[in-house]
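Data from input_5.txt: compact mmCIF, C-alpha atoms and all ligand atoms
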# COMPACT_ATOMS: atom_id res chain seq x y z
CA MET A 242 -16.62 -21.45 -16.19
CA THR A 243 -15.00 -18.13 -17.08
CA SER A 244 -13.34 -17.79 -20.45
CA ALA A 245 -9.63 -17.28 -20.86
CA ASN A 246 -10.75 -14.66 -23.39
CA PHE A 247 -12.51 -12.77 -20.63
CA GLU A 248 -14.14 -9.41 -21.44
CA SER A 249 -14.48 -8.30 -17.82
CA ILE A 250 -12.97 -9.20 -14.46
CA PRO A 251 -14.90 -11.50 -12.11
CA THR A 252 -15.63 -10.62 -8.47
CA LEU A 253 -15.19 -13.10 -5.62
CA ASP A 254 -16.75 -12.68 -2.18
CA TYR A 255 -14.13 -13.38 0.48
CA SER A 256 -16.76 -13.90 3.18
CA LEU A 257 -17.71 -17.16 1.42
CA ALA A 258 -14.24 -18.50 2.23
CA LEU A 259 -14.70 -17.85 5.94
CA ASP A 260 -17.80 -20.01 6.36
CA LYS A 261 -17.48 -23.80 6.31
CA GLU A 262 -20.75 -24.15 4.40
CA THR A 263 -19.83 -21.78 1.57
CA LYS A 264 -16.06 -22.33 1.39
CA PRO A 265 -16.28 -25.09 -1.28
CA LYS A 266 -18.13 -22.66 -3.55
CA PHE A 267 -15.40 -20.05 -3.06
CA ILE A 268 -12.66 -22.58 -3.74
CA ALA A 269 -14.37 -23.70 -6.97
CA GLN A 270 -14.72 -20.09 -8.15
CA LEU A 271 -11.11 -19.33 -7.25
CA ARG A 272 -9.88 -22.41 -9.13
CA ASP A 273 -11.72 -21.33 -12.25
CA VAL A 274 -10.56 -17.71 -12.08
CA MET A 275 -6.91 -18.42 -11.28
CA ILE A 276 -6.61 -20.87 -14.14
CA ASN A 277 -8.52 -18.90 -16.78
CA VAL A 278 -8.28 -15.22 -15.92
CA GLY A 279 -5.51 -14.56 -13.41
CA PHE A 280 -7.28 -11.36 -12.28
CA LEU A 281 -10.18 -10.84 -9.89
CA TYR A 282 -11.86 -8.34 -7.61
CA LEU A 283 -12.05 -9.47 -3.99
CA GLU A 284 -14.87 -8.01 -1.88
CA ASN A 285 -15.76 -8.33 1.80
CA THR A 286 -12.20 -8.77 3.04
CA PRO A 287 -11.39 -8.24 6.74
CA VAL A 288 -9.16 -5.24 5.89
CA ASP A 289 -10.36 -2.31 8.00
CA LYS A 290 -12.35 0.15 5.84
CA ASP A 291 -11.41 3.12 8.03
CA ILE A 292 -7.72 2.38 7.55
CA VAL A 293 -8.24 2.22 3.78
CA SER A 294 -10.08 5.55 3.71
CA ASP A 295 -7.48 7.21 5.96
CA LEU A 296 -4.75 5.92 3.67
CA LYS A 297 -6.54 7.33 0.62
CA LEU A 298 -6.65 10.72 2.34
CA GLN A 299 -2.94 10.61 3.19
CA ILE A 300 -1.71 9.68 -0.30
CA PRO A 301 -2.15 13.11 -1.97
CA LYS A 302 -0.43 14.65 1.07
CA LEU A 303 2.51 12.28 0.65
CA PHE A 304 3.03 13.40 -2.94
CA ALA A 305 2.43 17.07 -1.99
CA LEU A 306 5.53 17.06 0.26
CA PRO A 307 8.22 19.49 -1.00
CA GLN A 308 10.25 18.05 -3.88
CA ASP A 309 13.58 18.35 -2.01
CA LEU A 310 12.13 16.39 0.91
CA LYS A 311 10.87 13.65 -1.42
CA ASP A 312 14.27 13.60 -3.14
CA SER A 313 15.98 13.17 0.24
CA LEU A 314 14.13 9.83 0.48
CA ARG A 315 15.24 8.76 -3.00
CA MET A 316 15.53 5.09 -3.80
CA ALA A 317 19.19 5.44 -4.79
CA ASN A 318 19.96 5.80 -1.03
CA SER A 319 18.79 2.25 -0.47
CA PRO A 320 20.38 -1.09 -1.43
CA HIS A 321 16.92 -2.53 -0.77
CA PHE A 322 15.34 -0.56 -3.65
CA LEU A 323 13.04 1.22 -1.16
CA GLY A 324 12.28 4.90 -1.38
CA TYR A 325 11.08 7.64 -3.68
CA SER A 326 11.25 7.65 -7.50
CA ARG A 327 10.60 10.83 -9.43
CA LEU A 328 8.29 10.91 -12.40
CA GLY A 329 9.94 9.10 -15.29
CA ALA A 330 12.63 7.38 -13.17
CA GLU A 331 11.34 3.86 -13.79
CA LEU A 332 11.44 1.82 -16.96
CA THR A 333 9.17 -0.94 -18.20
CA LYS A 334 9.57 -2.72 -21.52
CA GLY A 335 11.97 -0.27 -23.06
CA ALA A 336 10.06 2.86 -22.20
CA VAL A 337 9.73 5.38 -19.41
CA ASP A 338 6.85 4.95 -16.99
CA TYR A 339 4.92 8.15 -16.28
CA ARG A 340 4.45 7.59 -12.60
CA GLU A 341 5.87 8.96 -9.39
CA GLN A 342 6.15 6.50 -6.55
CA PHE A 343 7.29 5.51 -3.10
CA ASP A 344 8.38 1.89 -2.58
CA PHE A 345 8.09 0.58 0.98
CA GLY A 346 8.64 -2.84 2.49
CA THR A 347 6.86 -4.53 5.35
CA PRO A 348 8.92 -3.73 8.48
CA CYS A 349 12.18 -5.61 8.24
CA VAL A 350 15.75 -5.57 9.50
CA SER A 351 18.47 -6.38 6.98
CA CYS A 352 20.05 -9.78 7.62
CA PHE A 353 22.84 -9.20 5.08
CA LYS A 354 26.46 -9.80 6.15
CA PRO A 355 29.56 -9.20 4.03
CA GLY A 356 30.28 -12.38 2.08
CA ASP A 357 26.60 -13.28 1.65
CA PRO A 358 25.25 -13.46 -1.90
CA ASP A 359 24.32 -9.95 -3.07
CA TYR A 360 20.61 -10.77 -3.22
CA TRP A 361 20.57 -11.26 0.56
CA ASN A 362 20.71 -7.47 0.71
CA ILE A 363 17.35 -6.85 -0.96
CA TYR A 364 15.34 -7.01 2.26
CA GLY A 365 15.83 -4.10 4.68
CA PRO A 366 14.31 -1.00 6.27
CA SER A 367 12.11 1.50 4.44
CA GLN A 368 12.54 5.27 4.15
CA TYR A 369 9.57 7.20 5.55
CA PRO A 370 8.94 10.93 5.92
CA SER A 371 9.32 11.87 9.60
CA GLU A 372 6.39 12.22 11.98
CA ASP A 373 6.70 16.04 11.76
CA GLN A 374 6.66 15.97 7.99
CA LEU A 375 3.60 13.72 7.61
CA PRO A 376 1.97 13.10 11.00
CA GLY A 377 0.49 9.64 11.49
CA PHE A 378 1.47 8.33 8.06
CA LYS A 379 4.07 5.72 9.02
CA ARG A 380 1.92 4.14 11.73
CA LEU A 381 -1.16 4.11 9.50
CA HIS A 382 0.71 2.61 6.56
CA GLU A 383 2.38 -0.07 8.68
CA THR A 384 -1.01 -1.04 10.13
CA TYR A 385 -2.34 -1.33 6.59
CA LEU A 386 0.63 -3.51 5.61
CA THR A 387 0.08 -5.80 8.62
CA GLN A 388 -3.51 -6.36 7.51
CA LEU A 389 -2.53 -6.96 3.88
CA HIS A 390 0.18 -9.38 4.99
CA SER A 391 -2.35 -11.38 6.95
CA LEU A 392 -4.85 -11.35 4.04
CA SER A 393 -2.09 -12.51 1.66
CA SER A 394 -1.02 -15.47 3.74
CA ASN A 395 -4.63 -16.56 4.26
CA PHE A 396 -5.35 -16.14 0.57
CA LEU A 397 -2.29 -18.19 -0.39
CA GLN A 398 -3.74 -21.07 1.62
CA LEU A 399 -6.97 -20.81 -0.36
CA VAL A 400 -4.91 -20.93 -3.56
CA SER A 401 -3.28 -24.17 -2.36
CA GLU A 402 -6.70 -25.65 -1.68
CA ALA A 403 -7.99 -24.52 -5.07
CA LEU A 404 -5.08 -26.45 -6.58
CA GLY A 405 -6.37 -29.56 -4.82
CA LEU A 406 -3.45 -29.49 -2.34
CA PRO A 407 -3.24 -29.26 1.46
CA SER A 408 -3.73 -25.66 2.54
CA ASP A 409 -0.13 -25.19 3.74
CA THR A 410 1.51 -26.43 0.51
CA LEU A 411 2.60 -23.03 -0.81
CA ASP A 412 3.67 -21.81 2.64
CA ARG A 413 6.94 -23.69 2.13
CA PHE A 414 8.16 -20.80 -0.05
CA TYR A 415 7.58 -18.32 2.78
CA THR A 416 8.96 -20.21 5.76
CA SER A 417 10.96 -17.57 7.60
CA SER A 418 9.20 -14.82 9.55
CA GLY A 419 11.67 -12.08 8.70
CA ARG A 420 10.79 -11.69 5.03
CA MET A 421 9.91 -8.39 3.42
CA HIS A 422 6.93 -7.87 1.16
CA LEU A 423 7.00 -4.94 -1.22
CA THR A 424 4.39 -2.25 -1.66
CA LYS A 425 4.25 0.91 -3.72
CA ILE A 426 2.23 4.07 -3.41
CA VAL A 427 1.88 5.38 -6.93
CA LYS A 428 0.72 8.61 -8.54
CA TYR A 429 -0.03 8.72 -12.27
CA PRO A 430 -0.29 12.40 -13.21
CA VAL A 431 -2.51 13.58 -16.06
CA GLN A 432 -0.61 13.48 -19.37
CA GLN A 433 -1.14 15.71 -22.39
CA PHE A 434 -0.58 12.85 -24.83
CA SER A 435 -1.24 9.16 -24.58
CA GLN A 436 1.55 7.71 -22.42
CA GLN A 437 2.24 4.53 -20.58
CA GLY A 438 1.63 4.83 -16.84
CA VAL A 439 3.37 1.52 -16.51
CA GLY A 440 4.09 -0.67 -19.52
CA ALA A 441 2.86 -4.23 -20.10
CA HIS A 442 4.40 -6.60 -17.57
CA TYR A 443 3.91 -9.58 -15.32
CA ASP A 444 4.34 -9.28 -11.59
CA GLY A 445 7.04 -11.47 -10.05
CA SER A 446 5.27 -11.97 -6.73
CA MET A 447 3.01 -14.97 -6.20
CA ILE A 448 0.01 -12.72 -5.54
CA THR A 449 -0.55 -8.96 -5.82
CA PHE A 450 -3.29 -7.07 -3.93
CA LEU A 451 -4.01 -3.74 -5.55
CA LEU A 452 -5.93 -0.89 -3.98
CA GLN A 453 -7.20 1.45 -6.72
CA ALA A 454 -7.21 4.58 -4.61
CA SER A 455 -8.91 6.98 -7.08
CA GLU A 456 -12.41 5.77 -7.58
CA ASP A 457 -13.20 7.54 -10.84
CA HIS A 458 -10.18 6.48 -12.92
CA ASN A 459 -9.85 3.86 -15.60
CA GLY A 460 -6.31 3.06 -16.69
CA LEU A 461 -5.52 -0.45 -15.45
CA GLN A 462 -5.90 -3.10 -18.15
CA ALA A 463 -5.36 -6.89 -18.19
CA GLN A 464 -4.58 -8.98 -21.27
CA ASN A 465 -6.75 -11.98 -22.12
CA LEU A 466 -5.51 -15.10 -23.87
CA ARG A 467 -6.27 -13.65 -27.30
CA GLY A 468 -4.13 -10.62 -26.46
CA ASP A 469 -6.97 -8.09 -26.09
CA TRP A 470 -6.62 -5.42 -23.41
CA ILE A 471 -9.55 -5.48 -20.98
CA ASN A 472 -10.31 -2.58 -18.61
CA VAL A 473 -10.12 -3.21 -14.89
CA PRO A 474 -12.06 -0.18 -13.62
CA PRO A 475 -11.98 0.71 -9.90
CA LYS A 476 -14.70 -1.03 -7.93
CA PRO A 477 -15.47 0.44 -4.48
CA ASN A 478 -14.54 -1.63 -1.42
CA THR A 479 -12.56 -4.23 -3.33
CA PHE A 480 -8.98 -5.20 -3.95
CA VAL A 481 -7.84 -6.26 -7.39
CA ILE A 482 -5.88 -9.48 -7.13
CA ASN A 483 -3.58 -10.78 -9.79
CA PHE A 484 -1.15 -13.66 -9.86
CA GLY A 485 2.50 -13.40 -10.74
CA ARG A 486 5.21 -15.36 -12.49
CA SER A 487 6.54 -17.18 -9.42
CA LEU A 488 3.14 -18.78 -8.82
CA GLU A 489 2.79 -19.56 -12.52
CA PHE A 490 6.18 -21.29 -12.58
CA VAL A 491 5.65 -23.23 -9.39
CA THR A 492 2.24 -24.50 -10.54
CA GLN A 493 3.61 -25.51 -13.95
CA GLY A 494 1.45 -22.92 -15.64
CA VAL A 495 -1.81 -23.89 -13.93
CA VAL A 496 -2.24 -20.45 -12.37
CA ARG A 497 -2.14 -17.68 -14.93
CA ALA A 498 0.24 -14.80 -14.45
CA THR A 499 -1.72 -12.23 -16.41
CA SER A 500 -0.02 -9.49 -18.35
CA HIS A 501 -1.24 -6.01 -17.39
CA ARG A 502 -0.47 -2.32 -17.86
CA VAL A 503 -1.65 1.13 -16.82
CA LEU A 504 -2.49 3.96 -19.22
CA ALA A 505 -1.73 7.39 -17.78
CA PRO A 506 -4.79 9.59 -17.17
CA PRO A 507 -5.64 11.62 -20.31
CA PRO A 508 -6.12 15.44 -20.10
CA GLU A 509 -9.89 15.10 -19.67
CA ALA A 510 -9.30 13.12 -16.46
CA LYS A 511 -8.21 16.38 -14.76
CA THR A 512 -6.96 14.61 -11.60
CA PRO A 513 -4.12 12.12 -11.07
CA ARG A 514 -4.74 8.43 -10.54
CA TYR A 515 -3.43 6.91 -7.28
CA SER A 516 -2.91 3.23 -6.61
CA VAL A 517 -1.31 1.01 -3.96
CA PRO A 518 -0.10 -2.41 -5.11
CA PHE A 519 0.97 -4.82 -2.35
CA PHE A 520 3.17 -7.61 -3.66
CA TYR A 521 3.25 -10.83 -1.64
CA SER A 522 6.81 -11.09 -2.80
CA GLY A 523 8.89 -11.88 0.28
CA MET A 524 9.71 -15.46 -0.52
CA ASP A 525 12.69 -17.27 0.96
CA LEU A 526 15.67 -15.89 -0.89
CA GLU A 527 17.01 -19.36 -1.66
CA ALA A 528 13.64 -20.83 -2.73
CA ARG A 529 13.47 -22.40 -6.16
CA VAL A 530 10.10 -21.84 -7.70
CA ASP A 531 10.61 -23.68 -10.96
CA GLY A 532 8.22 -26.37 -12.18
CA ALA A 533 10.12 -29.07 -10.24
CA ALA A 534 9.15 -27.56 -6.87
CA LEU A 535 5.70 -29.20 -6.72
CA GLU A 536 6.41 -31.98 -9.18
CA ASN A 537 4.15 -35.03 -8.70
CA LEU A 538 1.96 -33.06 -6.28
CA LEU A 539 -0.39 -31.29 -8.66
CA PRO A 540 -3.44 -33.53 -9.28
CA PRO A 541 -3.95 -34.72 -12.88
CA GLU A 542 -7.46 -33.20 -13.02
CA ILE A 543 -5.97 -29.77 -12.25
CA LEU A 544 -3.28 -30.16 -14.92
CA LYS A 545 -6.04 -31.12 -17.34
CA LEU A 546 -7.83 -27.82 -16.69
CA ARG A 547 -4.59 -26.02 -17.57
CA ASP A 548 -4.26 -27.99 -20.80
CA GLU A 549 -7.87 -27.27 -21.76
CA ARG A 550 -7.28 -23.55 -21.23
CA GLY A 551 -4.21 -23.49 -23.47
CA THR A 552 -1.25 -21.16 -23.36
CA LEU A 553 -0.79 -17.61 -24.35
CA PRO A 554 -0.07 -17.21 -28.08
CA THR A 555 0.40 -13.45 -27.83
CA THR A 556 1.62 -11.31 -25.01
CA GLU A 557 3.51 -8.11 -24.69
CA SER A 558 5.08 -9.19 -21.40
CA ILE A 559 8.12 -11.44 -21.18
CA ASN A 560 9.65 -10.59 -17.82
CA TYR A 561 10.64 -12.80 -14.88
CA SER A 562 11.50 -15.81 -17.02
CA GLU A 563 14.61 -16.23 -14.78
CA TYR A 564 12.53 -18.21 -12.29
CA ALA A 565 13.28 -21.22 -14.51
CA SER A 566 16.95 -21.12 -13.53
CA ASP A 567 17.62 -18.83 -10.56
CA VAL A 568 16.62 -18.74 -6.89
CA ALA A 569 13.84 -16.35 -5.86
CA GLY A 570 16.16 -13.76 -4.28
CA LYS A 571 18.32 -13.50 -7.40
CA VAL A 572 15.29 -13.15 -9.69
CA TYR A 573 13.88 -10.42 -7.47
CA LEU A 574 17.18 -8.55 -7.54
CA ILE A 575 17.43 -8.80 -11.34
CA GLY A 576 13.87 -7.46 -11.72
CA ARG A 577 14.55 -4.53 -9.40
CA ALA A 578 17.89 -3.75 -11.05
CA LYS A 579 16.34 -3.68 -14.52
CA SER A 580 13.56 -1.35 -13.37
CA HIS A 581 15.92 0.93 -11.41
CA PRO A 582 19.37 0.85 -13.07
CA ASP A 583 20.57 3.90 -11.13
CA VAL A 584 20.08 2.03 -7.84
CA ALA A 585 21.78 -1.05 -9.28
CA GLU A 586 24.79 0.96 -10.49
CA ARG A 587 25.35 2.37 -7.02
CA HIS A 588 24.73 -0.69 -4.85
CA TYR A 589 25.26 -3.70 -7.15
CA PRO A 590 27.98 -2.55 -9.58
CA ASP A 591 28.93 -6.07 -10.75
CA LEU A 592 25.35 -6.99 -11.53
CA PHE A 593 24.85 -3.61 -13.20
CA LYS A 594 27.77 -4.33 -15.57
CA GLU A 595 26.36 -7.76 -16.34
CA LEU A 596 22.87 -6.45 -17.09
CA PHE A 597 23.93 -3.24 -18.82
CA PRO A 598 27.30 -3.92 -20.51
CA ASN A 599 26.94 -0.70 -22.53
CA GLY A 600 26.42 1.47 -19.47
CA MET A 601 23.36 3.27 -18.18
CA PRO A 602 20.50 2.44 -20.56
CA LEU A 603 18.43 5.05 -22.29
CA HIS A 604 15.77 2.41 -22.36
CA GLY A 605 15.29 -0.45 -19.95
CA ILE A 606 14.99 -4.10 -20.81
CA ALA A 607 11.65 -5.83 -20.48
CA TYR A 608 10.74 -5.02 -16.88
O1 LIG B 1 -1.10 1.02 -10.55
C1 LIG B 1 -1.71 0.02 -10.88
O2 LIG B 1 -2.94 -0.01 -10.97
C2 LIG B 1 -0.97 -1.26 -11.20
C3 LIG B 1 0.51 -1.15 -11.01
C4 LIG B 1 1.24 -2.40 -11.35
O3 LIG B 1 0.79 -3.22 -12.10
C5 LIG B 1 2.56 -2.66 -10.74
O4 LIG B 1 3.13 -1.74 -10.12
O5 LIG B 1 3.05 -3.80 -10.85
FE FE B 2 1.89 -5.07 -11.95
Go ahead and render the structure in this file as structure tokens.
Amino acid sequence: MTSANFESIPTLDYSLALDKETKPKFIAQLRDVMINVGFLYLENTPVDKDIVSDLKLQIPKLFALPQDLKDSLRMANSPHFLGYSRLGAELTKGAVDYREQFDFGTPCVSCFKPGDPDYWNIYGPSQYPSEDQLPGFKRLHETYLTQLHSLSSNFLQLVSEALGLPSDTLDRFYTSSGRMHLTKIVKYPVQQFSQQGVGAHYDGSMITFLLQASEDHNGLQAQNLRGDWINVPPKPNTFVINFGRSLEFVTQGVVRATSHRVLAPPPEAKTPRYSVPFFYSGMDLEARVDGAALENLLPPEILKLRDERGTLPTTESINYSEYASDVAGKVYLIGRAKSHPDVAERHYPDLFKELFPNGMPLHGIAY
């Protein structure tokens, strides 16, 4: 068994899950890791290695586009919170994040109609540089997203099985085909002084698949049950998987949403750090993912493992607690609005006033 006070991040071999003989071993390892650690490296996935290496080559070119072109794709254009954010535009836990990023969704057409709840407007089309500006990028990235989407839905089934439930149990939160999953392409430039790349937080998505696209950079850290920060260094040919608050809520705390953060590269790093998180976040907008959702389904022996692990006495992350009372779409919108108040002010003025009664914040709330 791994310890909830882990000192390093375990690695799971996805190929074990694809073979009938070895699948039970994989499921047992996954159960242990998702209850005690909430973070893992996944190796031997079916994601095409050539697509991953082509994407890694394209990322510096994406950020090297002229600043006015990047600004023309700014997130404030988009009610779906998709687009470009300049360095320092995002806030986590009351402080500026030193990262520059593009947020994209899996291909999606907005289904929002006037009169719908405002959170129906959070899924919609992405803003890409044109084919002339960055040849091949959109097609490559969308192919990558298709593969990550397929890996996510297969992995979610393994999570259900590791909970001792039928493999399609968690699919009920993702029933419609038109949902959008969120991804970011992120650049953390070298900083002269110690700075947060992104502050301590939980993810809201059920599962996050992170590609650490700069092989030689530390920076990502996960928090164990004692509150210590543990390095999650890049490991070639793997994805880092972590679980988010919606899965923690829906499993009544069995699966750990693990607090994590990124330290910006220090001057000796010399080069920026790049990363690509893919959030399996496109749940049904009206889904409730509170503890009642799977009530009476979770087997007592699984709940016992949770109780033996204990709960977190110390954490620096407190976000996404709204899952206890609001539907998934609303919680997603609140999280996005708190991270990007300028987008919220423009496209969701009523919500902006509710969240920021004193006007545009100098510092964000805990997202
Ligand atoms: O860039 C990373 O390595 C992690 C980013 C992250 O945790 C996030 O965007 O939620
Ligand atoms: Fe995260």
Go through chain A and flag each residue having an atom no more than 9 Å from ligand LIG 1 (chain B); for those, report the closest pair of atoms plus their distance in Å to one decimal, using only C-alpha atoms and all ligand atoms, ordered by chain and rising number, as JSON lines.
{"residue": "A:Arg340", "atom": "CA", "partner": "B:LIG1", "partner_atom": "O1", "distance": 8.8}
{"residue": "A:Thr424", "atom": "CA", "partner": "B:LIG1", "partner_atom": "O4", "distance": 8.6}
{"residue": "A:Lys425", "atom": "CA", "partner": "B:LIG1", "partner_atom": "O4", "distance": 7.0}
{"residue": "A:Ile426", "atom": "CA", "partner": "B:LIG1", "partner_atom": "O1", "distance": 8.4}
{"residue": "A:Val427", "atom": "CA", "partner": "B:LIG1", "partner_atom": "O1", "distance": 6.4}
{"residue": "A:Lys428", "atom": "CA", "partner": "B:LIG1", "partner_atom": "O1", "distance": 8.1}
{"residue": "A:Tyr429", "atom": "CA", "partner": "B:LIG1", "partner_atom": "O1", "distance": 8.0}
{"residue": "A:Gly438", "atom": "CA", "partner": "B:LIG1", "partner_atom": "O1", "distance": 7.8}
{"residue": "A:Val439", "atom": "CA", "partner": "B:LIG1", "partner_atom": "C3", "distance": 6.7}
{"residue": "A:Gly440", "atom": "CA", "partner": "B:LIG1", "partner_atom": "O3", "distance": 8.5}
{"residue": "A:Ala441", "atom": "CA", "partner": "B:LIG1", "partner_atom": "O3", "distance": 8.3}
{"residue": "A:His442", "atom": "CA", "partner": "B:LIG1", "partner_atom": "O3", "distance": 7.4}
{"residue": "A:Tyr443", "atom": "CA", "partner": "B:LIG1", "partner_atom": "O5", "distance": 7.4}
{"residue": "A:Asp444", "atom": "CA", "partner": "B:LIG1", "partner_atom": "O5", "distance": 5.7}
{"residue": "A:Gly445", "atom": "CA", "partner": "B:LIG1", "partner_atom": "O5", "distance": 8.7}
{"residue": "A:Thr449", "atom": "CA", "partner": "B:LIG1", "partner_atom": "O5", "distance": 8.1}
{"residue": "A:Leu451", "atom": "CA", "partner": "B:LIG1", "partner_atom": "O2", "distance": 6.7}
{"residue": "A:Leu452", "atom": "CA", "partner": "B:LIG1", "partner_atom": "O2", "distance": 7.7}
{"residue": "A:Gln453", "atom": "CA", "partner": "B:LIG1", "partner_atom": "O2", "distance": 6.2}
{"residue": "A:Ala454", "atom": "CA", "partner": "B:LIG1", "partner_atom": "O2", "distance": 8.9}
{"residue": "A:Gly460", "atom": "CA", "partner": "B:LIG1", "partner_atom": "O2", "distance": 7.3}
{"residue": "A:Leu461", "atom": "CA", "partner": "B:LIG1", "partner_atom": "O2", "distance": 5.2}
{"residue": "A:Gln462", "atom": "CA", "partner": "B:LIG1", "partner_atom": "O2", "distance": 8.4}
{"residue": "A:Val473", "atom": "CA", "partner": "B:LIG1", "partner_atom": "O2", "distance": 8.8}
{"residue": "A:Val481", "atom": "CA", "partner": "B:LIG1", "partner_atom": "O2", "distance": 8.7}
{"residue": "A:Ser500", "atom": "CA", "partner": "B:LIG1", "partner_atom": "O3", "distance": 8.9}
{"residue": "A:His501", "atom": "CA", "partner": "B:LIG1", "partner_atom": "O3", "distance": 6.3}
{"residue": "A:Arg502", "atom": "CA", "partner": "B:LIG1", "partner_atom": "O3", "distance": 6.0}
{"residue": "A:Val503", "atom": "CA", "partner": "B:LIG1", "partner_atom": "C1", "distance": 6.0}
{"residue": "A:Arg514", "atom": "CA", "partner": "B:LIG1", "partner_atom": "O1", "distance": 8.3}
{"residue": "A:Tyr515", "atom": "CA", "partner": "B:LIG1", "partner_atom": "O1", "distance": 7.1}
{"residue": "A:Ser516", "atom": "CA", "partner": "B:LIG1", "partner_atom": "O1", "distance": 4.9}
{"residue": "A:Val517", "atom": "CA", "partner": "B:LIG1", "partner_atom": "O1", "distance": 6.6}
{"residue": "A:Pro518", "atom": "CA", "partner": "B:LIG1", "partner_atom": "O4", "distance": 6.0}
{"residue": "A:Phe519", "atom": "CA", "partner": "B:LIG1", "partner_atom": "O4", "distance": 8.6}
{"residue": "A:Phe520", "atom": "CA", "partner": "B:LIG1", "partner_atom": "O5", "distance": 8.1}
For the point (-13.7, 5.7, -9.1) in the file's frame, write as a list of chain:residue names all residues with an atom no more than 7 Å away, counting only C-alpha atoms. A:Ser455, A:Glu456, A:Asp457, A:His458, A:Pro475, A:Lys476
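Each of A:Gly329, A:Pro355, A:Gly600, A:Gly485 was compared to ligand FE 2 (chain B) using only C-alpha atoms and all ligand atoms, and A:Gly485 turns out to be the nearest.
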Coordinates-based distance that separates atom CA of Phe322 of chain A from atom CA of His581 of chain A (Å, one decimal): 7.9 Å
For segment 480-518 of chain A versus segment 396-419 of chain A, which residues have an atom no more than 10 Å away, and what is each residue's nearest atom pair and distance in Å rounded to one decimal, using all atoms listed in the file, chain-then-number order, as CSV?
residue,atom,partner,partner_atom,distance
A:Leu488,CA,A:Leu411,CA,9.1
A:Val491,CA,A:Leu411,CA,9.1
A:Thr492,CA,A:Leu404,CA,8.5
A:Val495,CA,A:Leu404,CA,8.4
A:Val496,CA,A:Leu404,CA,8.8
